[in-house]
>>> print(open('data-v4.txt').read())   # compact mmCIF, C-alpha atoms and all ligand atoms
# COMPACT_ATOMS: atom_id res chain seq x y z
CA MET A 1 -1.60 -9.28 4.26
CA ALA A 2 -1.30 -9.69 8.03
CA SER A 3 -4.41 -8.79 9.99
CA ASN A 4 -4.74 -8.60 13.77
CA LEU A 5 -8.50 -9.14 13.60
CA PRO A 6 -10.65 -12.23 13.10
CA ALA A 7 -12.01 -12.67 9.58
CA PRO A 8 -14.73 -10.11 8.83
CA TYR A 9 -18.29 -11.35 9.30
CA LEU A 10 -19.48 -11.19 5.68
CA ILE A 11 -23.23 -11.59 5.52
CA ALA A 12 -24.46 -8.57 3.53
CA ASP A 13 -24.66 -10.34 0.13
CA HIS A 14 -23.33 -7.13 -1.47
CA VAL A 15 -19.81 -5.75 -1.08
CA GLY A 16 -21.11 -2.16 -1.03
CA LEU A 17 -23.29 -2.96 1.95
CA GLU A 18 -20.48 -4.83 3.72
CA VAL A 19 -18.97 -1.37 4.26
CA VAL A 20 -21.50 -0.55 7.01
CA ASN A 21 -20.75 -3.96 8.53
CA THR A 22 -17.04 -3.19 8.92
CA ILE A 23 -17.85 -2.07 12.44
CA GLY A 24 -19.81 -4.31 14.75
CA ALA A 25 -19.69 -6.97 17.43
CA PRO A 26 -20.31 -10.31 15.69
CA TYR A 27 -17.90 -12.11 18.02
CA GLY A 28 -18.61 -10.29 21.31
CA ALA A 29 -16.58 -7.08 21.62
CA GLU A 30 -16.97 -4.35 19.02
CA LEU A 31 -14.40 -4.52 16.24
CA ASP A 32 -13.53 -2.15 13.39
CA TRP A 33 -12.18 -3.75 10.22
CA LEU A 34 -11.22 -0.29 8.90
CA VAL A 35 -9.34 0.67 12.05
CA ASN A 36 -6.12 1.39 10.10
CA GLY A 37 -4.60 1.14 6.64
CA GLN A 38 -3.29 -2.36 7.07
CA GLU A 39 -6.68 -3.67 8.17
CA LEU A 40 -8.27 -1.85 5.24
CA LEU A 41 -6.08 -3.83 2.81
CA SER A 42 -6.92 -7.09 4.60
CA TRP A 43 -10.63 -6.31 4.51
CA MET A 44 -10.52 -5.40 0.80
CA ALA A 45 -8.79 -8.71 0.08
CA ALA A 46 -11.35 -10.59 2.23
CA VAL A 47 -14.31 -9.15 0.30
CA GLY A 48 -12.63 -9.74 -3.06
CA LEU A 49 -11.83 -6.12 -3.97
CA LEU A 50 -8.11 -6.92 -4.09
CA THR A 51 -6.28 -10.11 -4.90
CA ALA A 52 -3.76 -11.25 -2.27
CA LYS A 53 -1.05 -10.23 -4.74
CA GLU A 54 -2.48 -6.71 -5.20
CA ALA A 55 -2.83 -6.30 -1.43
CA ALA A 56 0.81 -7.29 -0.91
CA ARG A 57 1.96 -4.98 -3.72
CA LEU A 58 0.03 -2.02 -2.27
CA ALA A 59 1.23 -2.73 1.28
CA ALA A 60 4.80 -2.46 -0.02
CA ALA A 61 4.23 0.51 -2.34
CA LEU A 62 2.13 2.82 -0.15
CA THR A 63 3.35 4.61 2.95
CA ALA A 64 1.62 4.02 6.29
CA ASP A 65 0.39 7.63 6.08
CA ASP A 66 -1.18 7.06 2.66
CA LEU A 67 -2.92 3.89 3.82
CA GLU A 68 -4.13 5.63 6.97
CA LYS A 69 -5.55 8.45 4.84
CA ALA A 70 -7.54 5.94 2.78
CA ALA A 71 -8.84 4.18 5.91
CA ASP A 72 -9.75 7.53 7.46
CA THR A 73 -11.70 8.63 4.36
CA LEU A 74 -13.55 5.31 4.28
CA ARG A 75 -14.42 5.41 7.99
CA ALA A 76 -15.95 8.87 7.40
CA LEU A 77 -17.80 7.57 4.33
CA ARG A 78 -19.09 4.64 6.41
CA THR A 79 -20.48 7.03 9.03
CA GLU A 80 -22.30 8.95 6.29
CA MET A 81 -23.56 5.73 4.77
CA GLN A 82 -25.00 4.58 8.10
CA GLU A 83 -27.29 7.62 7.90
CA ASN A 84 -28.14 6.87 4.27
CA ILE A 85 -29.45 3.32 4.31
CA PRO A 86 -31.75 2.14 2.96
CA GLU A 87 -32.74 5.54 1.49
CA ALA A 88 -29.97 7.88 0.41
CA SER A 89 -30.03 11.67 0.32
CA PRO A 90 -29.03 13.65 -2.79
CA GLU A 91 -26.09 14.99 -0.73
CA PHE A 92 -24.77 11.50 -0.16
CA MET A 93 -25.10 10.68 -3.86
CA ALA A 94 -23.19 13.88 -4.65
CA ARG A 95 -20.49 12.83 -2.17
CA LEU A 96 -20.17 9.46 -3.93
CA ASN A 97 -20.09 11.15 -7.34
CA ASP A 98 -17.27 13.40 -6.09
CA LEU A 99 -15.24 10.35 -5.10
CA LEU A 100 -16.00 8.62 -8.41
CA THR A 101 -14.55 11.55 -10.41
CA THR A 102 -11.11 10.57 -9.08
CA GLY A 103 -11.41 7.01 -10.47
CA ARG A 104 -8.74 5.83 -12.88
CA GLY A 105 -8.40 2.78 -15.07
CA HIS A 106 -8.91 1.44 -18.57
CA TYR A 107 -11.13 -0.88 -20.57
CA GLU A 108 -9.82 -4.11 -21.95
CA ILE A 109 -11.09 -6.92 -24.16
CA GLU A 110 -11.00 -10.26 -22.43
CA THR A 111 -11.17 -13.43 -24.51
CA GLY A 112 -12.58 -16.51 -22.78
CA ALA A 113 -11.59 -20.15 -23.24
CA GLU A 114 -14.23 -20.65 -25.97
CA GLY A 115 -13.17 -17.49 -27.77
CA GLN A 116 -16.03 -15.36 -26.42
CA ARG A 117 -15.11 -11.72 -25.88
CA ASN A 118 -16.03 -9.44 -23.00
CA MET A 119 -15.28 -5.81 -22.26
CA ARG A 120 -13.91 -5.32 -18.79
CA PHE A 121 -12.98 -2.21 -16.87
CA GLN A 122 -9.67 -2.57 -15.08
CA PRO A 123 -9.42 -0.08 -12.22
CA LEU A 124 -5.96 1.33 -11.63
CA LEU A 125 -4.72 0.46 -8.15
CA GLU A 126 -1.67 2.53 -7.29
CA THR A 127 -2.56 5.25 -4.82
CA ALA A 128 -4.55 5.60 -1.60
CA ASP A 129 -7.23 7.45 -3.60
CA ASP A 130 -7.48 4.48 -5.98
CA LEU A 131 -8.31 2.28 -2.98
CA VAL A 132 -11.03 4.65 -1.82
CA VAL A 133 -12.56 4.74 -5.31
CA ARG A 134 -12.52 0.94 -5.52
CA VAL A 135 -14.76 0.83 -2.42
CA ALA A 136 -16.88 3.83 -3.46
CA VAL A 137 -17.71 2.09 -6.77
CA GLU A 138 -19.18 -0.85 -4.85
CA ILE A 139 -21.28 1.45 -2.67
CA ALA A 140 -22.47 3.32 -5.77
CA GLU A 141 -23.42 0.03 -7.42
CA LEU A 142 -25.45 -0.95 -4.37
CA TYR A 143 -27.56 2.22 -4.64
CA CYS A 144 -27.88 1.82 -8.42
CA LEU A 145 -29.65 -1.50 -7.84
CA ASN A 146 -32.57 0.74 -6.81
CA THR A 147 -33.71 -1.79 -4.23
CA PRO A 148 -33.95 0.00 -0.87
CA GLU A 149 -36.79 -2.38 0.07
CA ARG A 150 -34.23 -5.18 0.01
CA MET A 151 -31.74 -3.47 2.32
CA ARG A 152 -32.50 -4.39 5.91
CA GLU A 153 -30.93 -4.45 9.31
CA CYS A 154 -30.83 -7.81 11.09
CA GLY A 155 -34.05 -8.51 13.01
CA SER A 156 -32.23 -8.97 16.30
CA PRO A 157 -32.58 -5.82 18.46
CA THR A 158 -28.94 -6.05 19.54
CA CYS A 159 -27.45 -6.71 16.10
CA THR A 160 -26.33 -3.85 13.85
CA TYR A 161 -25.61 -5.88 10.72
CA TRP A 162 -27.19 -5.03 7.37
CA PHE A 163 -27.86 -7.25 4.39
CA HIS A 164 -29.25 -7.02 0.87
CA ASP A 165 -32.03 -9.61 0.68
CA ASN A 166 -31.50 -11.57 -2.53
CA THR A 167 -34.10 -14.22 -1.72
CA ARG A 168 -36.98 -14.54 -4.15
CA ASN A 169 -39.68 -13.68 -1.60
CA ASN A 170 -37.66 -10.92 0.12
CA ARG A 171 -38.29 -12.33 3.59
CA ARG A 172 -34.79 -12.77 4.97
CA ARG A 173 -34.78 -11.53 8.57
CA TRP A 174 -31.38 -12.29 10.04
CA CYS A 175 -27.75 -11.50 9.40
CA SER A 176 -27.26 -15.21 9.90
CA MET A 177 -29.75 -17.92 10.77
CA ALA A 178 -27.00 -19.69 12.72
CA VAL A 179 -26.36 -16.70 14.98
CA CYS A 180 -29.24 -14.23 15.37
CA GLY A 181 -31.96 -16.46 13.89
CA ASN A 182 -31.33 -19.27 16.35
CA ARG A 183 -31.03 -16.88 19.27
CA ALA A 184 -34.48 -15.49 18.43
CA LYS A 185 -35.91 -19.00 18.06
CA VAL A 186 -34.60 -20.05 21.47
CA LYS A 187 -36.01 -16.88 23.02
CA ALA A 188 -39.44 -17.42 21.45
CA HIS A 189 -39.40 -21.03 22.57
CA ARG A 190 -38.60 -20.01 26.18
CA ALA A 191 -41.33 -17.36 26.09
CA ARG A 192 -43.90 -19.98 25.10
CA GLN A 193 -43.05 -22.28 28.05
ZN ZN B 201 -27.79 -10.37 13.44
>>> encode(input="data-v4.txt", output="structure tokens", more="lines below")
Ligand SMILES: [Zn+2]
Amino acid sequence: MASNLPAPYLIADHVGLEVVNTIGAPYGAELDWLVNGQELLSWMAAVGLLTAKEAARLAAALTADDLEKAADTLRALRTEMQENIPEASPEFMARLNDLLTTGRGHYEIETGAEGQRNMRFQPLLETADDLVVRVAVEIAELYCLNTPERMRECGSPTCTYWFHDNTRNNRRRWCSMAVCGNRAKVKAHRARQ
């Protein structure tokens, strides 16, 4: 799936939370990884919501209008989500539930190499709405972790990136130590001199 953007800056540690990070300026100028339908497919493949094969199949099967509709819906959902992190309103949960009612798919039994069986839900991926649901499920799962105290914005005042802190002591401060963490360290060091 051809993308005209650099690889998305994936630091959220939860796909649902990566949605708010699809707009930002990790490399200088502000970029939007949901700017159009084609970029949406690339982003979904980058975060593991589509295989490369599925992305290619959908790019061929869906019209540009359909893909644009999905991207448009998800950009609107992202805007709502920005106002609903870390705590979400009942209205936002209702909005997610509305989207989830359009989900399609089936369960299947998967047998592993050692013969162990697992039930898996296989989402159907055919229409633009199926793409939207695929993303909405991840957002819903994020909120169902019930861990708003672990959702935080990067500690840098100029950084808009969010992450879910999976560290044991819940003290992660930066989107990335290499980027914002080091910048803050250098600044503190200069201030001390
Ligand atoms: Zn940052």
>>> atom_distance(input="data-v4.txt", atom1="atom CA of Glu54 of chain A", atom2="atom CA of Leu99 of chain A")
21.3 Å
>>> closest_residue(input="data-v4.txt", among="A:Pro148, A:Leu50, A:Ala45, A:Glu80", to="Pro123 of chain A", atoms="only C-alpha atoms")
A:Leu50
>>> residues_near_ligand(input="data-v4.txt", ligand="ligand ZN 201 (chain B)", cutoff="9 Å", atoms="all atoms listed in the file", output="MDAnalysis selection string")
chainID A and resid 26 153:162 173:177 179:181
>>> atom_distance(input="data-v4.txt", atom1="atom CA of Lys69 of chain A", atom2="atom CA of Leu10 of chain A")
24.1 Å
>>> residues_around(input="data-v4.txt", residues="Glu110 of chain A", least_positions_apart="2", cutoff="8 Å", atoms="all atoms listed in the file", output="PyMOL selection string")
chain A and resi 108+112+117-120
>>> closest_residue(input="data-v4.txt", among="A:Met81, A:Ile23, A:Ile139, A:Val15", to="Ala46 of chain A", atoms="all atoms listed in the file")
A:Val15
>>> atom_distance(input="data-v4.txt", atom1="atom CA of Ala140 of chain A", atom2="atom CA of Lys53 of chain A")
25.4 Å
>>> closest_residue(input="data-v4.txt", among="A:Pro6, A:Gly48, A:Gly103, A:Gly16", to="Leu145 of chain A", atoms="only C-alpha atoms")
A:Gly16
>>> residues_around(input="data-v4.txt", residues="Val19 of chain A", least_positions_apart="4", cutoff="12 Å", atoms="all atoms listed in the file", output="VMD selection string")
chain A and resid 8 to 15 23 to 24 32 to 34 40 43 to 44 47 49 71 74 to 82 85 132 134 to 140 142 161 to 163
>>> axis_aligned_box(input="data-v4.txt", around="segment 23-40 of chain A", padding_each_side="3 Å", output="lines of an AutoDock Vina configuration file")
center_x = -11.8
center_y = -5.4
center_z = 13.4
size_x = 23.0
size_y = 19.5
size_z = 22.4
>>> closest_residue(input="data-v4.txt", among="A:Ala29, A:Val20, A:Ala188, A:Ala7", to="Asn84 of chain A", atoms="all atoms listed in the file")
A:Val20
>>> residues_around(input="data-v4.txt", residues="Asn36 of chain A", least_positions_apart="6", cutoff="8 Å", atoms="all atoms listed in the file", output="list in words")
Leu67, Glu68, Ala71 and Asp72 of chain A
>>> closest_residue(input="data-v4.txt", among="A:Val133, A:Ala88, A:Ala61, A:Val186", to="Thr73 of chain A", atoms="only C-alpha atoms")
A:Val133
